[in-house]
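S.K.: Handing over my_file34.txt, compact mmCIF, C-alpha atoms.
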```txt
# COMPACT_ATOMS: atom_id res chain seq x y z
CA MET A 1 38.57 65.26 158.38
CA ILE A 2 37.90 65.36 154.63
CA ARG A 3 35.65 63.22 152.39
CA SER A 4 38.35 60.76 151.34
CA GLU A 5 38.95 59.85 155.00
CA ILE A 6 35.22 59.31 155.61
CA ILE A 7 35.03 57.04 152.56
CA LYS A 8 38.12 55.12 153.66
CA ASN A 9 36.65 54.64 157.15
CA LEU A 10 33.32 53.46 155.69
CA VAL A 11 34.84 50.73 153.51
CA PRO A 12 34.52 47.92 156.14
CA VAL A 13 30.93 48.92 157.01
CA LEU A 14 29.91 48.97 153.34
CA SER A 15 31.56 45.66 152.53
CA GLY A 16 29.06 43.49 150.65
CA GLU A 17 26.41 46.25 150.53
CA LEU A 18 25.02 47.70 147.30
CA VAL A 19 26.68 51.10 147.02
CA VAL A 20 25.89 53.76 144.42
CA CYS A 21 28.91 56.07 144.26
CA ASN A 22 28.60 59.66 143.16
CA ILE A 23 30.43 60.97 140.08
CA GLY A 24 34.01 62.15 140.32
CA LEU A 25 36.19 61.84 143.41
CA PRO A 26 33.69 59.92 145.62
CA SER A 27 33.59 57.10 143.05
CA GLN A 28 37.34 57.25 142.53
CA GLU A 29 37.98 57.11 146.28
CA MET A 30 35.61 54.16 146.78
CA HIS A 31 37.31 52.43 143.86
CA LEU A 32 40.77 53.07 145.34
CA PHE A 33 40.01 52.14 148.95
CA GLY A 34 37.29 49.51 148.68
CA ASP A 35 36.55 48.30 145.17
CA GLN A 36 33.91 45.53 145.13
CA PRO A 37 31.48 44.29 142.47
CA SER A 38 28.53 45.66 144.44
CA ASN A 39 29.80 49.24 143.97
CA PHE A 40 28.13 51.12 141.13
CA TYR A 41 30.49 53.85 139.96
CA MET A 42 28.92 56.83 138.25
CA LEU A 43 31.27 57.98 135.52
CA GLY A 44 29.00 60.85 134.51
CA THR A 45 25.58 62.39 135.16
CA MET A 46 26.08 64.70 138.14
CA GLY A 47 23.17 64.69 140.57
CA LEU A 48 21.61 61.29 139.98
CA SER A 49 23.28 59.12 142.64
CA SER A 50 20.27 59.43 144.94
CA SER A 51 17.83 58.77 142.08
CA ILE A 52 19.67 55.66 140.90
CA GLY A 53 19.82 54.47 144.51
CA LEU A 54 16.10 55.06 145.03
CA GLY A 55 15.17 53.14 141.87
CA LEU A 56 17.42 50.30 142.94
CA ALA A 57 15.89 50.19 146.43
CA LEU A 58 12.35 50.23 145.02
CA ALA A 59 13.13 47.34 142.67
CA GLN A 60 14.64 44.84 145.10
CA ASP A 61 14.97 44.07 148.83
CA LYS A 62 18.69 44.38 149.60
CA THR A 63 19.98 47.45 151.43
CA VAL A 64 21.13 50.22 149.10
CA VAL A 65 23.53 52.98 150.16
CA ALA A 66 23.78 55.94 147.82
CA ILE A 67 26.79 58.14 148.47
CA ASP A 68 26.08 61.67 147.36
CA GLY A 69 27.59 65.11 147.88
CA ASP A 70 26.12 68.46 148.85
CA GLY A 71 26.80 69.90 145.42
CA SER A 72 25.19 66.96 143.65
CA VAL A 73 22.09 67.04 145.85
CA LEU A 74 21.75 70.76 145.17
CA THR A 75 21.94 69.98 141.43
CA ASN A 76 19.04 67.52 141.75
CA LEU A 77 17.14 69.00 144.69
CA GLY A 78 13.89 67.55 143.37
CA THR A 79 15.16 64.14 144.46
CA LEU A 80 14.39 64.76 148.16
CA PRO A 81 10.57 65.05 147.82
CA THR A 82 10.60 61.98 145.55
CA ILE A 83 12.58 60.00 148.13
CA ALA A 84 10.33 61.18 150.97
CA ASN A 85 7.14 60.20 149.18
CA ASN A 86 8.33 56.83 147.86
CA GLU A 87 9.58 55.49 151.14
CA CYS A 88 11.52 52.24 151.07
CA ASP A 89 13.19 51.01 154.22
CA ASN A 90 16.15 49.47 152.40
CA PHE A 91 17.42 52.86 151.24
CA ILE A 92 20.13 54.97 152.89
CA LEU A 93 21.23 58.25 151.36
CA LEU A 94 24.59 59.48 152.64
CA ILE A 95 25.23 63.10 151.73
CA ILE A 96 28.87 63.93 152.42
CA ASP A 97 28.59 67.67 152.93
CA ASN A 98 31.93 69.42 152.66
CA GLY A 99 30.32 72.68 151.59
CA SER A 100 32.09 72.62 148.26
CA TYR A 101 32.15 71.22 144.74
CA GLY A 102 35.14 69.01 145.54
CA SER A 103 35.70 67.37 142.16
CA THR A 104 35.82 70.67 140.30
CA GLY A 105 38.22 72.63 142.48
CA ASP A 106 36.49 73.18 145.82
CA GLN A 107 34.25 76.05 144.77
CA PRO A 108 31.87 76.78 147.69
CA THR A 109 28.27 75.48 147.58
CA TYR A 110 25.25 77.08 149.24
CA ALA A 111 25.17 74.09 151.63
CA GLY A 112 28.36 75.47 153.13
CA LYS A 113 26.69 78.85 153.58
CA LYS A 114 23.09 79.45 154.71
CA THR A 115 21.38 76.31 153.35
CA SER A 116 20.95 73.28 155.60
CA LEU A 117 20.44 70.10 153.58
CA ALA A 118 19.24 68.28 156.70
CA ALA A 119 16.53 70.91 157.18
CA VAL A 120 15.67 70.73 153.46
CA ALA A 121 15.36 66.92 153.63
CA SER A 122 13.09 67.18 156.67
CA ALA A 123 10.97 69.87 155.02
CA CYS A 124 10.64 67.61 151.97
CA GLY A 125 9.08 64.96 154.21
CA CYS A 126 12.00 62.61 154.87
CA ASP A 127 11.35 60.99 158.27
CA ASN A 128 14.76 59.83 159.46
CA VAL A 129 17.27 62.60 158.86
CA VAL A 130 20.54 62.44 160.80
CA GLU A 131 23.12 65.20 160.68
CA CYS A 132 26.51 64.16 161.97
CA GLN A 133 30.17 65.08 161.95
CA ALA A 134 32.81 63.24 159.93
CA GLU A 135 34.12 61.38 162.99
CA GLU A 136 30.64 59.88 163.57
CA ALA A 137 30.12 58.63 160.01
CA VAL A 138 30.92 54.99 160.70
CA SER A 139 28.70 54.62 163.79
CA VAL A 140 25.84 56.52 162.16
CA MET A 141 26.07 54.35 159.03
CA GLU A 142 26.14 51.15 161.12
CA ALA A 143 23.05 52.31 163.00
CA ALA A 144 21.25 53.23 159.77
CA ILE A 145 21.96 49.82 158.19
CA ALA A 146 20.80 48.06 161.37
CA SER A 147 17.65 50.18 161.68
CA LYS A 148 16.04 48.88 158.47
CA LYS A 149 14.48 52.32 158.08
CA MET A 150 14.96 54.70 155.19
CA THR A 151 17.57 57.16 156.45
CA ILE A 152 19.07 60.37 155.13
CA ILE A 153 22.50 61.09 156.61
CA VAL A 154 24.07 64.51 156.17
CA CYS A 155 27.70 64.10 157.19
CA LYS A 156 29.53 67.41 157.61
CA CYS A 157 33.24 67.52 156.88
CA ALA A 158 36.05 69.80 155.81
CA SER A 159 36.67 70.64 152.17
CA GLY A 160 39.73 69.19 150.44
CA ASN A 161 40.96 66.37 148.24
CA ILE A 162 43.74 63.85 147.82
CA PRO A 163 45.08 62.77 144.42
CA VAL A 164 43.26 59.65 143.18
CA PRO A 165 43.40 57.93 139.80
CA VAL A 166 40.43 58.04 137.44
CA ILE A 167 38.36 54.88 136.96
CA THR A 168 39.17 53.18 133.68
CA LEU A 169 36.67 50.31 134.04
CA ASP A 170 34.26 50.18 131.12
CA PRO A 171 30.73 51.27 132.15
CA VAL A 172 29.22 48.06 130.82
CA VAL A 173 31.64 46.07 133.00
CA ILE A 174 30.66 48.17 136.03
CA ARG A 175 26.98 47.54 135.32
CA HIS A 176 27.45 43.84 134.61
CA ARG A 177 29.32 42.96 137.76
CA PHE A 178 26.99 45.20 139.80
CA MET A 179 23.90 43.40 138.47
CA GLN A 180 25.51 40.03 139.05
CA SER A 181 26.20 40.92 142.67
CA ILE A 182 22.52 41.90 143.10
CA GLU A 183 21.36 38.57 141.71
CA ALA A 184 23.83 36.60 143.87
CA MET B 1 -12.99 60.12 124.38
CA GLU B 2 -13.93 56.49 124.04
CA LEU B 3 -11.08 55.84 121.59
CA ASN B 4 -8.67 57.84 123.75
CA MET B 5 -9.53 55.66 126.69
CA SER B 6 -8.80 52.59 124.64
CA LEU B 7 -5.46 54.02 123.44
CA ASP B 8 -4.48 54.55 127.05
CA LYS B 9 -5.44 51.00 127.87
CA ILE B 10 -3.64 49.50 124.85
CA ILE B 11 -0.43 51.35 125.77
CA ILE B 12 -0.47 50.40 129.46
CA ASP B 13 -1.45 46.81 128.58
CA ALA B 14 1.62 46.63 126.34
CA PHE B 15 3.86 47.92 129.15
CA GLU B 16 2.38 45.33 131.48
CA ASN B 17 2.66 42.49 128.93
CA ASN B 18 6.34 43.33 128.42
CA SER B 19 7.01 42.92 132.16
CA ILE B 20 7.64 46.60 132.82
CA GLU B 21 7.24 46.96 136.57
CA LEU B 22 8.29 50.53 137.31
CA ILE B 23 7.22 53.64 135.44
CA THR B 24 8.26 57.17 136.23
CA THR B 25 6.29 60.11 134.90
CA VAL B 26 6.43 63.87 134.50
CA PRO B 27 2.94 64.85 133.37
CA CYS B 28 1.67 66.46 130.17
CA LYS B 29 -1.98 67.31 129.44
CA GLN B 30 -1.81 64.96 126.46
CA LEU B 31 -0.66 62.09 128.72
CA SER B 32 -3.17 62.52 131.55
CA GLY B 33 -5.27 59.55 130.39
CA VAL B 34 -2.34 57.18 130.10
CA ILE B 35 -1.03 58.22 133.54
CA ALA B 36 -4.51 57.70 135.03
CA GLU B 37 -4.63 54.24 133.42
CA LEU B 38 -1.20 53.45 134.89
CA GLU B 39 -2.50 54.35 138.34
CA THR B 40 -5.09 51.56 138.08
CA ARG B 41 -2.45 48.80 137.67
CA GLU B 42 -1.17 47.07 140.76
CA SER B 43 1.58 45.23 138.85
CA MET B 44 3.46 48.46 138.20
CA ILE B 45 5.14 50.88 140.61
CA HIS B 46 4.39 54.46 139.56
CA VAL B 47 7.01 56.97 140.69
CA PRO B 48 6.15 60.56 139.73
CA ALA B 49 9.40 62.50 139.22
CA ASN B 50 10.04 66.21 139.60
CA LYS B 51 12.29 66.36 136.55
CA GLU B 52 12.85 63.92 133.75
CA ASP B 53 16.59 63.38 134.34
CA GLU B 54 15.75 62.38 137.90
CA GLY B 55 13.18 59.97 136.46
CA MET B 56 15.80 58.43 134.17
CA GLY B 57 18.09 57.91 137.17
CA ILE B 58 15.28 56.08 138.97
CA CYS B 59 14.68 53.96 135.85
CA ALA B 60 18.39 53.08 135.64
CA GLY B 61 18.44 51.96 139.26
CA ALA B 62 15.23 49.97 138.91
CA PHE B 63 16.51 48.14 135.82
CA MET B 64 19.77 47.20 137.51
CA GLY B 65 17.72 46.04 140.49
CA GLY B 66 15.83 43.62 138.27
CA LYS B 67 12.71 45.54 137.30
CA ARG B 68 12.15 46.67 133.75
CA SER B 69 11.37 50.40 133.77
CA ALA B 70 10.04 53.11 131.47
CA ILE B 71 9.49 56.87 131.44
CA ILE B 72 6.47 58.88 130.36
CA MET B 73 7.21 62.56 129.61
CA GLN B 74 6.75 65.50 127.24
CA ASN B 75 9.06 66.22 124.28
CA THR B 76 10.32 69.37 126.02
CA ALA B 77 12.13 66.93 128.33
CA ILE B 78 14.56 65.99 125.54
CA GLY B 79 16.21 69.35 126.26
CA VAL B 80 16.41 68.49 129.96
CA THR B 81 17.76 64.96 129.61
CA ILE B 82 20.43 64.94 126.88
CA ASN B 83 23.32 64.58 129.34
CA THR B 84 21.55 61.79 131.25
CA LEU B 85 20.61 59.92 128.07
CA VAL B 86 24.21 60.04 126.86
CA THR B 87 26.25 59.54 130.05
CA LEU B 88 23.94 57.16 131.91
CA THR B 89 21.38 55.39 129.73
CA GLN B 90 23.53 55.00 126.61
CA PHE B 91 26.98 54.81 128.26
CA TYR B 92 25.91 51.93 130.53
CA ARG B 93 23.75 50.38 127.78
CA LEU B 94 20.45 50.49 129.62
CA PRO B 95 17.12 49.88 127.89
CA LEU B 96 14.62 52.72 128.36
CA PRO B 97 11.28 53.01 126.60
CA MET B 98 10.28 56.68 126.50
CA LEU B 99 6.59 57.38 125.84
CA ILE B 100 6.67 61.03 124.81
CA SER B 101 3.87 63.49 124.11
CA TYR B 102 4.89 65.26 120.92
CA ARG B 103 3.62 68.74 121.66
CA GLY B 104 3.82 71.52 119.10
CA GLU B 105 2.49 69.47 116.18
CA LEU B 106 -0.79 69.88 114.21
CA GLY B 107 -3.62 70.85 116.54
CA GLU B 108 -1.31 72.56 119.03
CA PRO B 109 -2.92 75.60 120.72
CA VAL B 110 0.26 76.88 122.43
CA ALA B 111 2.82 78.60 120.14
CA CYS B 112 5.76 78.06 122.47
CA GLN B 113 5.40 74.28 122.16
CA VAL B 114 6.28 74.54 118.46
CA GLU B 115 9.73 75.88 119.36
CA MET B 116 10.72 72.53 120.90
CA ALA B 117 8.73 70.43 118.42
CA VAL B 118 10.90 71.65 115.52
CA HIS B 119 14.02 70.37 117.30
CA THR B 120 12.63 67.13 118.75
CA LYS B 121 13.36 64.69 115.92
CA ALA B 122 16.68 66.33 115.04
CA LEU B 123 17.89 65.97 118.63
CA LEU B 124 16.78 62.34 118.87
CA ASP B 125 18.46 61.66 115.53
CA GLN B 126 21.67 63.36 116.66
CA LEU B 127 21.66 61.19 119.79
CA GLY B 128 21.20 58.02 117.73
CA ILE B 129 17.96 57.18 119.54
CA PRO B 130 15.57 54.92 117.60
CA THR B 131 12.40 56.99 117.21
CA TYR B 132 8.83 56.00 116.34
CA HIS B 133 6.12 58.58 115.62
CA PHE B 134 2.49 57.73 116.38
CA HIS B 135 0.31 60.01 114.22
CA LYS B 136 -2.76 57.86 113.61
CA PRO B 137 -4.58 55.84 116.29
CA GLU B 138 -3.80 52.56 114.55
CA ASP B 139 -0.07 53.26 114.99
CA VAL B 140 -0.55 52.23 118.62
CA HIS B 141 -0.44 48.59 117.58
CA GLU B 142 3.31 48.88 117.02
CA ILE B 143 3.92 49.54 120.70
CA ASP B 144 4.34 45.90 121.68
CA GLU B 145 7.07 45.36 119.06
CA ILE B 146 8.77 48.65 120.01
CA LEU B 147 8.99 47.58 123.65
CA LYS B 148 10.40 44.17 122.71
CA TYR B 149 12.92 45.92 120.44
CA THR B 150 13.97 48.28 123.26
CA PHE B 151 14.81 45.45 125.66
CA MET B 152 16.52 43.49 122.89
CA ALA B 153 18.72 46.45 121.92
CA ASN B 154 19.52 47.81 125.42
CA LYS B 155 18.97 51.36 124.24
CA PRO B 156 16.71 54.30 124.98
CA VAL B 157 13.90 54.31 122.41
CA ALA B 158 11.50 57.22 121.79
CA ILE B 159 7.80 56.88 120.99
CA LEU B 160 6.49 60.29 119.95
CA THR B 161 2.72 60.62 120.26
CA ASP B 162 1.20 63.72 118.65
CA ALA B 163 -2.16 65.46 119.11
CA THR B 164 -3.68 63.86 116.00
CA PHE B 165 -2.90 60.42 117.43
CA TRP B 166 -4.52 61.22 120.78
CA LYS B 167 -7.51 62.92 119.09
CA GLY B 168 -8.28 59.59 117.50
CA GLU B 169 -9.49 60.67 114.07
```
Can I see the file as structure tokens?
M.R.:
Amino acid sequence: MIRSEIIKNLVPVLSGELVVCNIGLPSQEMHLFGDQPSNFYMLGTMGLSSSIGLGLALAQDKTVVAIDGDGSVLTNLGTLPTIANNECDNFILLIIDNGSYGSTGDQPTYAGKKTSLAAVASACGCDNVVECQAEEAVSVMEAAIASKKMTIIVCKCASGNIPVPVITLDPVVIRHRFMQSIEA
Amino acid sequence: MELNMSLDKIIIDAFENNSIELITTVPCKQLSGVIAELETRESMIHVPANKEDEGMGICAGAFMGGKRSAIIMQNTAIGVTINTLVTLTQFYRLPLPMLISYRGELGEPVACQVEMAVHTKALLDQLGIPTYHFHKPEDVHEIDEILKYTFMANKPVAILTDATFWKGE
């Protein structure tokens, strides 16, 4: 199973939730399979999905799901200690770990080699770290949302992509409808 | 010292009076007093960041979640954050007050700091970021208007604070 299938399977579970979608294909896939105003699509700024999600979770009470990738977390590895030490129980970080930089041509990442992001998250002080396989993504996400505990999910899957169109929504429109859905 | 303490208080009071509720920081020696003052305020969430671009991501999320946010950092961070300022803060039109220690100016003991100081204003200018330079202690009284301006304009705005300002003479 590849990332696009995980995202497609997660669409019903994430319906109505605040979702911060990582730059590139993860955003494009969420947009294609399950566009909703409460999705925040990152059009740039690799690495900051988890940071945007944390800030959002700290600022308000609704559940926030940040969808990240192994390559993006490696780019902003300092995010994991910050998340661990600013615990907020409405925050779920989903790291879809396909061991590659998917949006740029599937170059291998260190997470697909010797580095375990689940072990890194635990070492950084994150309390609820769940490593799962792609097939378990939906049940693990449901459990994390129900738990009302800050959770880091590292979901392992195969590398590979499907063709998806780019997002042509204006960033200000993305932000506006996202903020309106938070206020609703 | 006495005046420095009051500068710290004036700055954090202005943040508080402008309803800023989340501040992220990456420390600088010149900013230690203002960060310590921030720590005394219960109305503001202080989130220390490991890198300034991470801090700007947290600020973006907090603002969209309904809390006005700000970042406190050193001018060397301009080099770290250009992509984030352009593709997140500016592209999505997010307001972001940036209280910046302007290292490498008069009174600087560390030569390497000068290397970034000479590029600081040029980079901010290139990015189209409104920039205010606090050189004398009395310049601090502009901070309230600068914060109001930032949230009116929905832009990142830089407040450069140099050693002469903090020295208070």
S.K.: Could you check how far CA of Phe134 in chain B sits from CA of Asp53 in chain B, in Å to one decimal?
M.R.: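 Between these atoms lies a distance of 23.5 Å.
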S.K.: Would you give me, as a Markdown table, each residue of chain B having an atom within 10 Å of an atom of chain A, along with its shortest atom pair and that distance in Å to one decimal, using all atoms listed in the file and sorting by chain and residue number?
M.R.:
```
| residue | atom | partner | partner_atom | distance |
| --- | --- | --- | --- | --- |
| B:Glu21 | CA | A:Ala59 | CA | 8.5 |
| B:Leu22 | CA | A:Ala59 | CA | 7.9 |
| B:Thr24 | CA | A:Gly55 | CA | 9.8 |
| B:Ile45 | CA | A:Leu58 | CA | 8.5 |
| B:His46 | CA | A:Asn86 | CA | 9.5 |
| B:Val47 | CA | A:Asn86 | CA | 7.3 |
| B:Pro48 | CA | A:Thr82 | CA | 7.5 |
| B:Ala49 | CA | A:Thr82 | CA | 6.5 |
| B:Asn50 | CA | A:Gly78 | CA | 5.6 |
| B:Lys51 | CA | A:Gly78 | CA | 7.1 |
| B:Asp53 | CA | A:Leu48 | CA | 7.8 |
| B:Glu54 | CA | A:Ser51 | CA | 5.9 |
| B:Gly55 | CA | A:Ser51 | CA | 7.4 |
| B:Met56 | CA | A:Ser51 | CA | 8.2 |
| B:Gly57 | CA | A:Ile52 | CA | 4.6 |
| B:Ile58 | CA | A:Gly55 | CA | 4.1 |
| B:Cys59 | CA | A:Gly55 | CA | 6.1 |
| B:Ala60 | CA | A:Ile52 | CA | 6.0 |
| B:Gly61 | CA | A:Leu56 | CA | 4.2 |
| B:Ala62 | CA | A:Gly55 | CA | 4.3 |
| B:Phe63 | CA | A:Leu56 | CA | 7.5 |
| B:Met64 | CA | A:Met179 | CA | 5.7 |
| B:Gly65 | CA | A:Leu56 | CA | 4.9 |
| B:Gly66 | CA | A:Ala59 | CA | 6.4 |
| B:Lys67 | CA | A:Ala59 | CA | 5.7 |
| B:Arg68 | CA | A:Ala59 | CA | 9.0 |
| B:Ser69 | CA | A:Gly55 | CA | 9.4 |
| B:Thr81 | CA | A:Thr45 | CA | 9.9 |
| B:Asn83 | CA | A:Thr45 | CA | 6.6 |
| B:Thr84 | CA | A:Thr45 | CA | 5.6 |
| B:Leu85 | CA | A:Thr45 | CA | 9.0 |
| B:Val86 | CA | A:Thr45 | CA | 8.7 |
| B:Thr87 | CA | A:Gly44 | CA | 5.4 |
| B:Leu88 | CA | A:Thr45 | CA | 6.4 |
| B:Thr89 | CA | A:Thr45 | CA | 9.8 |
| B:Gln90 | CA | A:Pro171 | CA | 9.8 |
| B:Phe91 | CA | A:Pro171 | CA | 6.5 |
| B:Tyr92 | CA | A:Val172 | CA | 5.1 |
| B:Arg93 | CA | A:Val172 | CA | 6.7 |
| B:Leu94 | CA | A:Arg175 | CA | 9.2 |
```
S.K.: Nearest to Pro130 in chain B: which of B:Leu38, B:Leu31, B:Ile146, B:Met73 is it, counting all atoms listed in the file?
M.R.: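 For Pro130 in chain B, the nearest of the given residues is B:Ile146.
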S.K.: When you draw a straight line from CA of Thr151 in chain A to CA of Asp106 in chain A, how long is it in Å?
M.R.: 27.0 Å
S.K.: Could you work out how far CA of Leu117 in chain A lies from CA of Asp70 in chain A, giving the answer in Å with one decimal?
M.R.: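 It comes out at 7.6 Å.
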